[in-house]
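K.L.:
Here you go, one structure.
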Amino acid sequence: MKEARDNIKKFWAVSGLALFLSGCAVGPNFKRPAVDSSTRFRDDVSQSTNSIADVEWWKVYQDPVLAGLIQEALTNNYDLKIAAARVEEARAIETQVRSQFVPNVDYSGDVSRGKNDLFGNFYPNSGMTTSSAVVGLNAFWEVDFWGRIRRQSEAAKARMLASNEGKKSVRLSLMSDVAANYFELQELDRELEIDAATTNSFGDSLTIFKRRSEGGKGNDLETARAMAALADANSVAPRIQDEIAKTENALCVLLGRVPGPIKRAKFGETQQLPPEVPAGLPAQLLERRPDIKQAEQLVRAANADVGESIAEFFPKIGLTALFGRISPELSAFSAGSSTAWGMAADATGPLFEGGKLVGQYRQTKAAKRESIFAYRQSVLIALHDVSDALSSNQRLVDIRNQQSIEVESLQRAVKLSSERFVAGKANYYEVLEAQQQLFPAQLNLARTERDQMLSVVSLYKSLGGGWQDK
């Protein structure tokens, strides 16, 4: 037994030496692909190097109801749960690959009894009936001289990290979608209010026209036109209510709920547009935006695959050891002579593969180029998203200012035309025309204010902010 233990210690010593000698890995080491980007985002008028993406999402969306909905979505959304499961799957694969760094040890045993039999195989023994037994431990370890296993592990870890960045990307999209749907609902509520006020205004005009017609001062044309305008306004509410129901249903899916009503604050009661929305520097995107970081990890994995494919050209060197007891007769199983041990080294390598290894190498090289192009494309898309959001944010301020002036002017026109009509200084066309112009102007203003909130959501998302836990 002492001799066997000494030899096992020698096996581990040889294994450690081999591990020390296998300090290098063939193939290229990873370098982040170079990308072209400007020093500032297009349409970024802010001079600050800070970014709104550095602010936590619950401080950007200062609405406790919305914050509660986002937290609910982060807890219950099934897309996010699927992404989390993918991360666990990738982590388990990485664990499997890392297991190759240590020896693989297994056990085995066999007991048999028979005539002309040894361990279940034919063996002449003069026709005697005997019992035999064997039990032992077997160890195997591949010496990673060329870094094949290390490259496998590097690729598996990179894919696990890429999967984790994918989860963050799903999380960021989820938060943005919840906020966008919430602001859509608030804007639709405002449209209902505007439609209700417009309906009342047309109803008041119809009442006046009817009275004038009944008093002999008006005519049926005035009444018919006013009635048509009222019916048109009444037909808008069902369409808005249908949009509200559909938007609530879509938001419920994001929340992991059965479709139903969504509680929400009135627009403008809690949240306000941020006083400024600085974008920061383009270089910050590479460190913050999850889809870019995911693409970078996939480049790292593809680079490691190239190293692994190169290592396949070299021989695989393995160390094996066994220790156990073996006896052709159970009566001798406990004797010292039944002890068995052994150590061995083996090497296998390719001589002729018909181009298989060369093809695998070329495949990994092409896959690496593909991943680099995908990385650079993801950076361009990110810059495009940020620039679009900044442009919208800037232009919508000017649009809203002009639409506010338009609404105020038309409200005054409705008031003056109604007063002139009652005083007999204007005809019914002036009243209806002013009312019919005011309604769409009010809707456009409400939609522009919604778009301003959505542009902040879009900018926040495109900058990669807000995935942190509250």
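The way I read the labels, and the way they are meant: chains A, B, ... in the order of the structure tokens, residue 1 as the first residue of every chain, and ligand 1 as the first ligand shown, with later ones counted on from there.
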Extract, using only C-alpha atoms, all DNA, RNA and protein residues at most 10 Å from A:Glu248, discarding same-chain residues fewer than 4 positions from it, and format them as a count of residues only.

P.N.:
15

K.L.:
What are the closest atom pairs, with distances in Å to one decimal, for all residues of stretch 143-201 of chain A lying within 10 Å of stretch 431-447 of chain A? Consider only C-alpha atoms, order rows by chain and residue number, and present the result as a Markdown table.

P.N.:
| residue | atom | partner | partner_atom | distance |
| --- | --- | --- | --- | --- |
| A:Glu184 | CA | A:Arg447 | CA | 8.8 |
| A:Gln186 | CA | A:Ala446 | CA | 9.7 |
| A:Glu187 | CA | A:Ala446 | CA | 6.4 |
| A:Leu188 | CA | A:Arg447 | CA | 8.7 |
| A:Asp189 | CA | A:Ala446 | CA | 10.0 |
| A:Arg190 | CA | A:Ala446 | CA | 7.0 |
| A:Glu191 | CA | A:Leu443 | CA | 6.2 |
| A:Leu192 | CA | A:Leu443 | CA | 9.7 |
| A:Ile194 | CA | A:Gln442 | CA | 7.1 |
| A:Asp195 | CA | A:Phe439 | CA | 7.5 |
| A:Ala197 | CA | A:Phe439 | CA | 9.1 |
| A:Thr198 | CA | A:Phe439 | CA | 6.5 |
| A:Thr199 | CA | A:Phe439 | CA | 9.6 |
| A:Ser201 | CA | A:Gln435 | CA | 7.7 |

K.L.:
Take the residues from that selection and write them out as an mmCIF file, in the first residue's frame, keeping all heavy atoms.

P.N.:
data_model
loop_
_atom_site.group_PDB
_atom_site.id
_atom_site.type_symbol
_atom_site.label_atom_id
_atom_site.label_comp_id
_atom_site.auth_asym_id
_atom_site.auth_seq_id
_atom_site.Cartn_x
_atom_site.Cartn_y
_atom_site.Cartn_z
ATOM 1 N N GLU A 184 -47.608 56.340 -23.281
ATOM 2 C CA GLU A 184 -48.657 56.220 -24.309
ATOM 3 C C GLU A 184 -50.032 56.243 -23.657
ATOM 4 O O GLU A 184 -50.954 56.921 -24.138
ATOM 5 C CB GLU A 184 -48.469 54.927 -25.097
ATOM 6 C CG GLU A 184 -47.274 54.905 -26.025
ATOM 7 C CD GLU A 184 -47.563 55.536 -27.368
ATOM 8 O OE1 GLU A 184 -48.699 56.020 -27.565
ATOM 9 O OE2 GLU A 184 -46.646 55.565 -28.214
ATOM 10 N N GLN A 186 -50.859 57.520 -20.732
ATOM 11 C CA GLN A 186 -51.134 58.856 -20.195
ATOM 12 C C GLN A 186 -51.571 59.815 -21.306
ATOM 13 O O GLN A 186 -52.483 60.633 -21.105
ATOM 14 C CB GLN A 186 -49.894 59.394 -19.485
ATOM 15 C CG GLN A 186 -49.590 58.691 -18.166
ATOM 16 C CD GLN A 186 -48.459 59.367 -17.430
ATOM 17 O OE1 GLN A 186 -47.473 59.780 -18.028
ATOM 18 N NE2 GLN A 186 -48.590 59.492 -16.119
ATOM 19 N N GLU A 187 -50.916 59.730 -22.453
ATOM 20 C CA GLU A 187 -51.281 60.604 -23.567
ATOM 21 C C GLU A 187 -52.679 60.269 -24.092
ATOM 22 O O GLU A 187 -53.458 61.174 -24.428
ATOM 23 C CB GLU A 187 -50.243 60.474 -24.677
ATOM 24 C CG GLU A 187 -50.380 61.487 -25.795
ATOM 25 C CD GLU A 187 -51.355 61.046 -26.863
ATOM 26 O OE1 GLU A 187 -51.448 59.815 -27.084
ATOM 27 O OE2 GLU A 187 -52.023 61.898 -27.479
ATOM 28 N N LEU A 188 -53.021 58.981 -24.150
ATOM 29 C CA LEU A 188 -54.360 58.590 -24.594
ATOM 30 C C LEU A 188 -55.430 59.087 -23.621
ATOM 31 O O LEU A 188 -56.530 59.470 -24.029
ATOM 32 C CB LEU A 188 -54.432 57.072 -24.751
ATOM 33 C CG LEU A 188 -53.651 56.501 -25.942
ATOM 34 C CD1 LEU A 188 -53.599 54.974 -25.862
ATOM 35 C CD2 LEU A 188 -54.288 56.930 -27.268
ATOM 36 N N ASP A 189 -55.098 59.090 -22.323
ATOM 37 C CA ASP A 189 -56.024 59.662 -21.335
ATOM 38 C C ASP A 189 -56.264 61.145 -21.618
ATOM 39 O O ASP A 189 -57.398 61.639 -21.510
ATOM 40 C CB ASP A 189 -55.461 59.490 -19.920
ATOM 41 C CG ASP A 189 -55.492 58.048 -19.451
ATOM 42 O OD1 ASP A 189 -56.227 57.243 -20.052
ATOM 43 O OD2 ASP A 189 -54.757 57.724 -18.492
ATOM 44 N N ARG A 190 -55.222 61.846 -21.990
ATOM 45 C CA ARG A 190 -55.362 63.267 -22.320
ATOM 46 C C ARG A 190 -56.204 63.443 -23.578
ATOM 47 O O ARG A 190 -56.999 64.385 -23.681
ATOM 48 C CB ARG A 190 -53.994 63.899 -22.518
ATOM 49 C CG ARG A 190 -53.171 64.003 -21.238
ATOM 50 C CD ARG A 190 -51.908 64.789 -21.469
ATOM 51 N NE ARG A 190 -52.196 66.186 -21.745
ATOM 52 C CZ ARG A 190 -51.307 67.073 -22.184
ATOM 53 N NH1 ARG A 190 -50.068 66.687 -22.406
ATOM 54 N NH2 ARG A 190 -51.650 68.318 -22.418
ATOM 55 N N GLU A 191 -56.013 62.546 -24.543
ATOM 56 C CA GLU A 191 -56.835 62.620 -25.754
ATOM 57 C C GLU A 191 -58.312 62.454 -25.409
ATOM 58 O O GLU A 191 -59.177 63.136 -25.997
ATOM 59 C CB GLU A 191 -56.401 61.549 -26.754
ATOM 60 C CG GLU A 191 -55.078 61.846 -27.447
ATOM 61 C CD GLU A 191 -54.837 60.944 -28.649
ATOM 62 O OE1 GLU A 191 -55.812 60.324 -29.134
ATOM 63 O OE2 GLU A 191 -53.690 60.850 -29.104
ATOM 64 N N LEU A 192 -58.623 61.552 -24.475
ATOM 65 C CA LEU A 192 -60.022 61.398 -24.048
ATOM 66 C C LEU A 192 -60.548 62.680 -23.421
ATOM 67 O O LEU A 192 -61.704 63.080 -23.657
ATOM 68 C CB LEU A 192 -60.145 60.235 -23.054
ATOM 69 C CG LEU A 192 -60.371 58.835 -23.613
ATOM 70 C CD1 LEU A 192 -60.505 57.830 -22.475
ATOM 71 C CD2 LEU A 192 -61.614 58.794 -24.507
ATOM 72 N N ILE A 194 -59.464 65.738 -23.984
ATOM 73 C CA ILE A 194 -59.614 66.735 -25.063
ATOM 74 C C ILE A 194 -60.874 66.447 -25.873
ATOM 75 O O ILE A 194 -61.634 67.371 -26.225
ATOM 76 C CB ILE A 194 -58.370 66.731 -25.971
ATOM 77 C CG1 ILE A 194 -57.155 67.238 -25.191
ATOM 78 C CG2 ILE A 194 -58.605 67.585 -27.214
ATOM 79 C CD1 ILE A 194 -55.836 67.041 -25.921
ATOM 80 N N ASP A 195 -61.097 65.177 -26.160
ATOM 81 C CA ASP A 195 -62.289 64.809 -26.935
ATOM 82 C C ASP A 195 -63.559 65.138 -26.159
ATOM 83 O O ASP A 195 -64.548 65.608 -26.748
ATOM 84 C CB ASP A 195 -62.259 63.320 -27.279
ATOM 85 C CG ASP A 195 -63.477 62.889 -28.074
ATOM 86 O OD1 ASP A 195 -63.642 63.366 -29.220
ATOM 87 O OD2 ASP A 195 -64.279 62.095 -27.548
ATOM 88 N N ALA A 197 -63.935 67.515 -23.908
ATOM 89 C CA ALA A 197 -64.120 68.974 -23.936
ATOM 90 C C ALA A 197 -64.607 69.435 -25.299
ATOM 91 O O ALA A 197 -65.474 70.326 -25.404
ATOM 92 C CB ALA A 197 -62.798 69.654 -23.584
ATOM 93 N N THR A 198 -64.075 68.816 -26.360
ATOM 94 C CA THR A 198 -64.504 69.178 -27.712
ATOM 95 C C THR A 198 -65.961 68.810 -27.943
ATOM 96 O O THR A 198 -66.734 69.570 -28.544
ATOM 97 C CB THR A 198 -63.611 68.465 -28.748
ATOM 98 O OG1 THR A 198 -62.253 68.840 -28.521
ATOM 99 C CG2 THR A 198 -64.005 68.858 -30.163
ATOM 100 N N THR A 199 -66.330 67.637 -27.449
ATOM 101 C CA THR A 199 -67.725 67.194 -27.579
ATOM 102 C C THR A 199 -68.669 68.172 -26.871
ATOM 103 O O THR A 199 -69.744 68.524 -27.403
ATOM 104 C CB THR A 199 -67.884 65.781 -27.006
ATOM 105 O OG1 THR A 199 -67.021 64.882 -27.705
ATOM 106 C CG2 THR A 199 -69.318 65.290 -27.140
ATOM 107 N N SER A 201 -68.094 71.283 -26.332
ATOM 108 C CA SER A 201 -68.109 72.537 -27.092
ATOM 109 C C SER A 201 -69.041 72.436 -28.298
ATOM 110 O O SER A 201 -69.852 73.350 -28.548
ATOM 111 C CB SER A 201 -66.690 72.871 -27.562
ATOM 112 O OG SER A 201 -66.692 74.052 -28.337
#

K.L.:
Quote the spacing between atom CA of A:Glu222 and atom CA of A:Lys415 in Å to one decimal place.

P.N.:
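It comes out at 18.3 Å.
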
K.L.:
So which one's closest to A:Ala84, A:Ser338, A:Ser169, A:Ser417, A:Ser309? Using only C-alpha atoms, please.

P.N.:
A:Ser169

K.L.:
So which residues touch A:Leu66 within 8 Å, counting only C-alpha atoms, skipping near sequence neighbours fewer than 4 positions away, as a ChimeraX atom specification?

P.N.:
/A:61,70,179,182,264

K.L.:
Can you list, as an MDAnalysis selection string, every protein, DNA or RNA residue that comes within 8 Å of A:Leu281 when you count only C-alpha atoms, leaving out same-chain residues fewer than 4 positions away?

P.N.:
chainID A and resid 39:41 49:51 285

K.L.:
I need the residues from that last selection saved to file as a PDB file, in the first residue's frame (with N, CA and C atoms), if you can.

P.N.:
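Here's the written file result_12.pdb:
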ATOM      1  N   THR A  39     -15.613  62.382 -31.374  1.00  0.00           N
ATOM      2  CA  THR A  39     -15.428  62.729 -29.960  1.00  0.00           C
ATOM      3  C   THR A  39     -16.729  63.141 -29.294  1.00  0.00           C
ATOM      4  N   ARG A  40     -17.750  63.511 -30.108  1.00  0.00           N
ATOM      5  CA  ARG A  40     -19.044  63.886 -29.550  1.00  0.00           C
ATOM      6  C   ARG A  40     -20.137  63.334 -30.432  1.00  0.00           C
ATOM      7  N   PHE A  41     -21.310  63.171 -29.840  1.00  0.00           N
ATOM      8  CA  PHE A  41     -22.460  62.706 -30.594  1.00  0.00           C
ATOM      9  C   PHE A  41     -23.008  63.838 -31.475  1.00  0.00           C
ATOM     10  N   THR A  49     -19.596  66.377 -19.996  1.00  0.00           N
ATOM     11  CA  THR A  49     -19.083  65.031 -20.308  1.00  0.00           C
ATOM     12  C   THR A  49     -19.837  63.963 -19.528  1.00  0.00           C
ATOM     13  N   ASN A  50     -20.715  64.407 -18.629  1.00  0.00           N
ATOM     14  CA  ASN A  50     -21.566  63.453 -17.917  1.00  0.00           C
ATOM     15  C   ASN A  50     -22.662  62.941 -18.852  1.00  0.00           C
ATOM     16  N   SER A  51     -23.313  61.865 -18.447  1.00  0.00           N
ATOM     17  CA  SER A  51     -24.370  61.288 -19.274  1.00  0.00           C
ATOM     18  C   SER A  51     -25.592  61.008 -18.427  1.00  0.00           C
ATOM     19  N   LEU A 285     -20.069  54.546 -24.542  1.00  0.00           N
ATOM     20  CA  LEU A 285     -20.989  53.512 -25.035  1.00  0.00           C
ATOM     21  C   LEU A 285     -20.350  52.132 -24.983  1.00  0.00           C
TER      22      LEU A 285
END

K.L.:
Which residue, A:Asp346, A:Glu308, A:Glu296, A:Glu419, has the smallest gap to A:Gln377 when you use only C-alpha atoms?

P.N.:
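Selected residue with least distance to A:Gln377: A:Glu296.
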
K.L.:
With distances taken over only C-alpha atoms, which of A:Asn303, A:Ser458, A:Ser378, A:Thr320 is nearest to A:Ala139?

P.N.:
A:Thr320

K.L.:
Just the number, please: distance in Å from atom CA of A:Leu161 to atom CA of A:Phe373, one decimal.

P.N.:
19.3 Å

K.L.:
When distances are computed from only C-alpha atoms, which of A:Glu312, A:Glu193, A:Asn249, A:Ser205 shows the smallest separation from A:Val414?

P.N.:
A:Ser205

K.L.:
Tell me, in Å to one decimal, how far atom CA of A:Ile93 is from atom CA of A:Gly464.

P.N.:
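Distance between the two atoms: 27.7 Å.
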
K.L.:
I want to know what sits within 6 Å of stretch 362-365 of chain A, based on only C-alpha atoms, with residues of the same chain fewer than 3 positions away left out; could you give that as a list in words?

P.N.:
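The residues that qualify are Val306, Gly359 and Lys368 of chain A.
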
K.L.:
Using DSSP on the backbone coordinates, identify all residues within stretch 221-418 of chain A classified as strand (DSSP E or B); present the result as number ranges by chain.

P.N.:
A: 316-327, 339-348
